[in-house]
Amino acid sequence: MSSTAEGQTLRKTALNAMHRKLGAKMVDFGGWDMPVEYPASGGLVKEHLAVRTGVGMFDVSHMGDILIRGPQALDAVQWISMNDASKLQEGQAHYSALLYPEGTFVDDVIVHKMGPNDYLLVINAGTREKDHSWVRKNVSKFRCHADDVGDYYTQIAIQGPKAEATLQKLTNVDLSQIKNYWFKHGTVCNLPNTLIARTGYTAEDGFEIYVPSDVPTSERVWNEVTEAGKEFGIVPCGLGARNTLRLEGKMALYGHEISDMINVFEAVLDRYCKMEKPDFIGKAALEKVKAAGVKRILVGLEAVDRGIPRDGYKVFDESGVEIGYVTSGSPAPFLKKNIALAYVPPQHSEIGHEVFVEIRGQKVKCKVVPTPFYKRPKKS
Amino acid sequence: MAYPKDYKYTKEHEWIQVKGNSATVGITDHAQESLGDIVFVELPKVGAQVEAGKSFGTVESVKAVSELYAPASGKVVAINESLNQGPEAVNQDAHAAWMIKLELSNPSQADALMSADDYEKYIAEEK
């Protein structure tokens, strides 16, 4: 992790000055100058716990947004995205992925149906340009436009059990009526027609709002959210906590659990891949994978012995044979365990099975555990 | 946080307190602040030899692993086992949370290290 003094060659969100004013530790994330944690609010662990027990706020404006619009927008989305967008109602979103013909990942994506001919795809920061080129090329045979609108929006995520109470102060849209993975447009912080989506990447309840990306508006909204969340102990949260939160929830991160070398079945994301829908990019290859079976599969690990399994560490079986590798690994601040996701051959994927992660030359015993590692409590 | 005057300091942010042929080693307040919440400390075994400038263990925050570098050469005669269960002690008081005690092979090695004043200037420049 390299720290940035001024971040001159890196891209910045509209809230960059705000993060620096708050004393955030900044890092280069996919070419963006982003906050990794805010020492003034206690740092990563405090931020993580705030989201699990109260509310936290994130600047996620670095993520990309592609609008696909036109008479054949649905056909275009159905061609490039593995989930079934024809099942979406207006105001509904779902998790999906853009695939290569090999059935491997271009990126994962949240698809929102804005209208009958109007779909919003929210994509990763590090893959914005790649995704946009990919989408434009592959929807060109359909009657639609694909527009990169990422720069128009400051995207703020408000996450945690108190997220609804916090955001409700800033809008007269009845947030209790927005179900999980649905969205509405309404006035937020006096900004009309603002997208309010009940989505997020923390395994908690929460919302993402999309406001105009000029600095004064972005800062005003950030400050109003901060003020609204004060009574619930809201803190700004950086990419460090974002990573530990999504890991506890077993949510994939591009370049780790999913990549252009990993297919949908290996990543255990096939429930978002609707093979029964008409042809889409990657379908033929995935049919072959399904028939042949996978050679490796994503599992959750928990360290049994002392040690923290981390990204890239090798995994061995009990006889010392190398069998796979860790895609993401870290201490889990809420669960208070050391957890990891790893690719191993299917015969090593049974719950309770023991494997060994090599940590600086030492083989540390880990066991396969059910995932997600953390599931938020059901509302009573 | 004041840097103890009777400690010497390395460029890698360890401190060493020398008493005759013995020394105590830890990491500085500046180091613990940069690391954030410390969740894991890995120390050598009692009896191990450490070499000045070489790694003798690691300290881990949630996000990252950092090497610990020996300020001077010697034999490890004691390790602070309480850091296994309570690594946060390093964040709470880095200058009191010692990590290893050494029998020095060459006690004058530490003389070349930075004084408290030099170290404070050093970290001010780093910012």
# chains A, B, ... in the order shown; residues from 1 in each chain; ligands from 1
>>> closest_atom_pairs(of="chain A", to="chain B", cutoff="12 Å", atoms="only C-alpha atoms", output="Markdown table")
| residue | atom | partner | partner_atom | distance |
| --- | --- | --- | --- | --- |
| A:Met1 | CA | B:Ala64 | CA | 8.2 |
| A:Ser2 | CA | B:Ala64 | CA | 11.3 |
| A:Ser3 | CA | B:Ser34 | CA | 10.9 |
| A:Thr4 | CA | B:Lys127 | CA | 11.1 |
| A:Ala5 | CA | B:Lys127 | CA | 8.8 |
| A:Glu6 | CA | B:Lys127 | CA | 11.9 |
| A:Ala24 | CA | B:Ser34 | CA | 11.8 |
| A:Lys25 | CA | B:Ser34 | CA | 9.1 |
| A:Met26 | CA | B:Ser34 | CA | 12.0 |
| A:Val36 | CA | B:Lys63 | CA | 9.5 |
| A:Glu37 | CA | B:Gly36 | CA | 9.1 |
| A:Tyr38 | CA | B:Gly36 | CA | 10.0 |
| A:Pro39 | CA | B:Gly36 | CA | 7.7 |
| A:Ala40 | CA | B:Gly36 | CA | 11.2 |
| A:Ser41 | CA | B:Gly36 | CA | 11.7 |
| A:Gly42 | CA | B:Gly36 | CA | 8.7 |
| A:Gly43 | CA | B:Gly36 | CA | 6.7 |
| A:Leu44 | CA | B:Asp37 | CA | 7.7 |
| A:Val45 | CA | B:Asp37 | CA | 7.2 |
| A:Lys46 | CA | B:Asp37 | CA | 9.4 |
| A:Glu47 | CA | B:Asp37 | CA | 11.7 |
| A:His48 | CA | B:Val62 | CA | 11.1 |
| A:Gly238 | CA | B:Lys63 | CA | 11.9 |
| A:Leu239 | CA | B:Lys63 | CA | 10.2 |
| A:Gly240 | CA | B:Lys63 | CA | 6.9 |
| A:Ala241 | CA | B:Lys63 | CA | 9.3 |
| A:Arg242 | CA | B:Lys63 | CA | 11.5 |
| A:Asn243 | CA | B:Lys63 | CA | 9.3 |
| A:Thr244 | CA | B:Val62 | CA | 8.6 |
| A:Arg306 | CA | B:Phe40 | CA | 9.0 |
| A:Gly307 | CA | B:Phe40 | CA | 7.8 |
| A:Ile308 | CA | B:Phe40 | CA | 8.2 |
| A:Pro309 | CA | B:Val65 | CA | 11.0 |
| A:Arg310 | CA | B:Ala64 | CA | 9.0 |
| A:Asp311 | CA | B:Lys63 | CA | 10.6 |
| A:Ser328 | CA | B:Lys63 | CA | 11.2 |
| A:Gly329 | CA | B:Lys63 | CA | 9.6 |
| A:Ser330 | CA | B:Val62 | CA | 6.4 |
| A:Pro331 | CA | B:Val62 | CA | 5.8 |
| A:Ala332 | CA | B:Val62 | CA | 8.2 |
| A:Pro333 | CA | B:Val62 | CA | 8.2 |
| A:Phe334 | CA | B:Val62 | CA | 11.9 |
| A:Lys336 | CA | B:Val39 | CA | 10.0 |
| A:Lys337 | CA | B:Val39 | CA | 10.6 |
| A:Asn338 | CA | B:Val62 | CA | 9.7 |
| A:Ile339 | CA | B:Val62 | CA | 11.4 |
| A:Ile359 | CA | B:Val65 | CA | 10.9 |
| A:Arg360 | CA | B:Thr58 | CA | 9.8 |
| A:Gln362 | CA | B:Glu42 | CA | 11.8 |
>>> residues_around(residues="region 97-103 of chain B", least_positions_apart="2", cutoff="8 Å", atoms="only C-alpha atoms", output="ChimeraX atom specification")
/B:21-27,43,74-80,83,89-90,93-95,105
>>> select_by_dssp(residues="region 1-120 of chain B", states="strand (DSSP E or B)", output="count of residues only")
45
>>> select_by_dssp(residues="chain B", states="alpha helix (DSSP H)", output="PyMOL selection string")
chain B and resi 29-35+82-85+89-92+116-126
>>> residues_around(residues="Arg136 (chain A)", least_positions_apart="5", cutoff="9 Å", atoms="only C-alpha atoms", output="list in words")
Asp131, His145, Ala146 and Asp147 of chain A
>>> write_last_selection(atoms="N, CA and C atoms", output="PDB file, in the first residue's frame")
ATOM      1  N   ASP A 131     -14.564  -1.635 -18.735  1.00  0.00           N
ATOM      2  CA  ASP A 131     -15.984  -1.988 -18.813  1.00  0.00           C
ATOM      3  C   ASP A 131     -16.685  -1.155 -19.875  1.00  0.00           C
ATOM      4  N   HIS A 145     -28.033   3.467 -26.704  1.00  0.00           N
ATOM      5  CA  HIS A 145     -26.792   4.194 -26.396  1.00  0.00           C
ATOM      6  C   HIS A 145     -26.230   3.625 -25.105  1.00  0.00           C
ATOM      7  N   ALA A 146     -24.912   3.619 -24.979  1.00  0.00           N
ATOM      8  CA  ALA A 146     -24.279   3.288 -23.698  1.00  0.00           C
ATOM      9  C   ALA A 146     -23.443   4.487 -23.302  1.00  0.00           C
ATOM     10  N   ASP A 147     -23.842   5.159 -22.209  1.00  0.00           N
ATOM     11  CA  ASP A 147     -23.149   6.383 -21.815  1.00  0.00           C
ATOM     12  C   ASP A 147     -22.482   6.238 -20.462  1.00  0.00           C
TER      13      ASP A 147
END
>>> residues_around(residues="region 194-200 of chain A", least_positions_apart="4", cutoff="7 Å", atoms="only C-alpha atoms", output="mmCIF file with C-alpha atoms, in the first residue's frame")
data_model
loop_
_atom_site.group_PDB
_atom_site.id
_atom_site.type_symbol
_atom_site.label_atom_id
_atom_site.label_comp_id
_atom_site.auth_asym_id
_atom_site.auth_seq_id
_atom_site.Cartn_x
_atom_site.Cartn_y
_atom_site.Cartn_z
ATOM 1 C CA ALA A 157 -23.117 5.037 0.812
ATOM 2 C CA ILE A 178 -38.020 0.866 -0.299
ATOM 3 C CA LYS A 179 -37.226 -2.840 -0.140
ATOM 4 C CA ASN A 180 -33.757 -4.323 -0.256
ATOM 5 C CA TYR A 181 -32.217 -3.898 -3.742
ATOM 6 C CA TRP A 182 -34.947 -1.499 -4.844
ATOM 7 C CA PHE A 183 -34.614 2.212 -5.462
ATOM 8 C CA LYS A 184 -36.618 5.413 -5.839
ATOM 9 C CA HIS A 185 -35.993 8.921 -7.072
ATOM 10 C CA GLY A 186 -36.852 11.730 -4.689
ATOM 11 C CA THR A 187 -35.642 14.901 -3.033
ATOM 12 C CA VAL A 188 -32.603 14.414 -0.814
ATOM 13 C CA GLY A 206 -28.148 0.746 3.907
ATOM 14 C CA PHE A 207 -28.570 3.176 1.058
ATOM 15 C CA GLU A 208 -26.547 4.681 -1.724
ATOM 16 C CA ILE A 209 -27.442 8.170 -2.914
ATOM 17 C CA TYR A 210 -26.292 9.709 -6.183
ATOM 18 C CA VAL A 211 -25.985 13.507 -6.053
#
>>> decode(residues="region 67-125 of chain B", atoms="C-alpha atoms", output="PDB file, in the first residue's frame")
ATOM      1  CA  GLU B  67       8.711  -6.201   9.592  1.00  0.00           C
ATOM      2  CA  LEU B  68      10.469  -5.524  12.874  1.00  0.00           C
ATOM      3  CA  TYR B  69      14.176  -4.751  12.441  1.00  0.00           C
ATOM      4  CA  ALA B  70      16.733  -5.387  15.177  1.00  0.00           C
ATOM      5  CA  PRO B  71      18.461  -2.171  16.295  1.00  0.00           C
ATOM      6  CA  ALA B  72      21.462  -4.196  17.463  1.00  0.00           C
ATOM      7  CA  SER B  73      22.798  -7.750  17.322  1.00  0.00           C
ATOM      8  CA  GLY B  74      22.410 -10.179  20.184  1.00  0.00           C
ATOM      9  CA  LYS B  75      20.639 -13.144  21.716  1.00  0.00           C
ATOM     10  CA  VAL B  76      16.963 -13.028  22.632  1.00  0.00           C
ATOM     11  CA  VAL B  77      16.706 -13.671  26.401  1.00  0.00           C
ATOM     12  CA  ALA B  78      13.045 -12.746  26.895  1.00  0.00           C
ATOM     13  CA  ILE B  79       9.953 -12.008  24.805  1.00  0.00           C
ATOM     14  CA  ASN B  80       6.815 -10.173  25.880  1.00  0.00           C
ATOM     15  CA  GLU B  81       4.249 -12.975  25.635  1.00  0.00           C
ATOM     16  CA  SER B  82       1.427 -10.709  26.816  1.00  0.00           C
ATOM     17  CA  LEU B  83       1.455  -9.185  23.327  1.00  0.00           C
ATOM     18  CA  ASN B  84       0.046 -12.455  21.976  1.00  0.00           C
ATOM     19  CA  GLN B  85      -3.311 -11.906  23.656  1.00  0.00           C
ATOM     20  CA  GLY B  86      -3.065  -8.150  23.999  1.00  0.00           C
ATOM     21  CA  PRO B  87      -1.333  -6.659  20.927  1.00  0.00           C
ATOM     22  CA  GLU B  88      -3.289  -3.436  21.451  1.00  0.00           C
ATOM     23  CA  ALA B  89      -0.914  -2.633  24.322  1.00  0.00           C
ATOM     24  CA  VAL B  90       1.491  -1.440  21.642  1.00  0.00           C
ATOM     25  CA  ASN B  91      -1.054   1.152  20.471  1.00  0.00           C
ATOM     26  CA  GLN B  92      -1.829   2.201  24.034  1.00  0.00           C
ATOM     27  CA  ASP B  93       1.785   2.841  25.063  1.00  0.00           C
ATOM     28  CA  ALA B  94       4.367   1.884  22.458  1.00  0.00           C
ATOM     29  CA  HIS B  95       7.321   2.983  24.595  1.00  0.00           C
ATOM     30  CA  ALA B  96       6.250   0.775  27.497  1.00  0.00           C
ATOM     31  CA  ALA B  97       5.125  -2.224  25.403  1.00  0.00           C
ATOM     32  CA  TRP B  98       8.519  -3.911  25.049  1.00  0.00           C
ATOM     33  CA  MET B  99       8.821  -6.753  22.574  1.00  0.00           C
ATOM     34  CA  ILE B 100      12.152  -8.493  23.168  1.00  0.00           C
ATOM     35  CA  LYS B 101      15.041  -8.325  25.603  1.00  0.00           C
ATOM     36  CA  LEU B 102      18.531  -8.921  24.236  1.00  0.00           C
ATOM     37  CA  GLU B 103      21.954  -9.898  25.485  1.00  0.00           C
ATOM     38  CA  LEU B 104      23.976  -7.658  23.193  1.00  0.00           C
ATOM     39  CA  SER B 105      26.943  -9.034  21.220  1.00  0.00           C
ATOM     40  CA  ASN B 106      28.306  -5.531  20.773  1.00  0.00           C
ATOM     41  CA  PRO B 107      26.835  -2.997  23.215  1.00  0.00           C
ATOM     42  CA  SER B 108      28.389   0.003  21.445  1.00  0.00           C
ATOM     43  CA  GLN B 109      26.406  -0.769  18.264  1.00  0.00           C
ATOM     44  CA  ALA B 110      23.448   1.190  19.644  1.00  0.00           C
ATOM     45  CA  ASP B 111      25.580   4.361  20.035  1.00  0.00           C
ATOM     46  CA  ALA B 112      25.306   4.994  16.310  1.00  0.00           C
ATOM     47  CA  LEU B 113      21.496   5.132  16.462  1.00  0.00           C
ATOM     48  CA  MET B 114      19.424   8.304  16.738  1.00  0.00           C
ATOM     49  CA  SER B 115      18.813  10.144  19.991  1.00  0.00           C
ATOM     50  CA  ALA B 116      15.271  11.166  20.950  1.00  0.00           C
ATOM     51  CA  ASP B 117      15.862  14.665  19.542  1.00  0.00           C
ATOM     52  CA  ASP B 118      17.275  13.317  16.256  1.00  0.00           C
ATOM     53  CA  TYR B 119      14.356  10.897  15.944  1.00  0.00           C
ATOM     54  CA  GLU B 120      11.793  13.624  16.496  1.00  0.00           C
ATOM     55  CA  LYS B 121      13.451  15.703  13.767  1.00  0.00           C
ATOM     56  CA  TYR B 122      13.553  12.636  11.518  1.00  0.00           C
ATOM     57  CA  ILE B 123       9.828  11.924  11.776  1.00  0.00           C
ATOM     58  CA  ALA B 124       8.964  15.601  11.394  1.00  0.00           C
ATOM     59  CA  GLU B 125      10.820  15.585   8.075  1.00  0.00           C
TER      60      GLU B 125
END
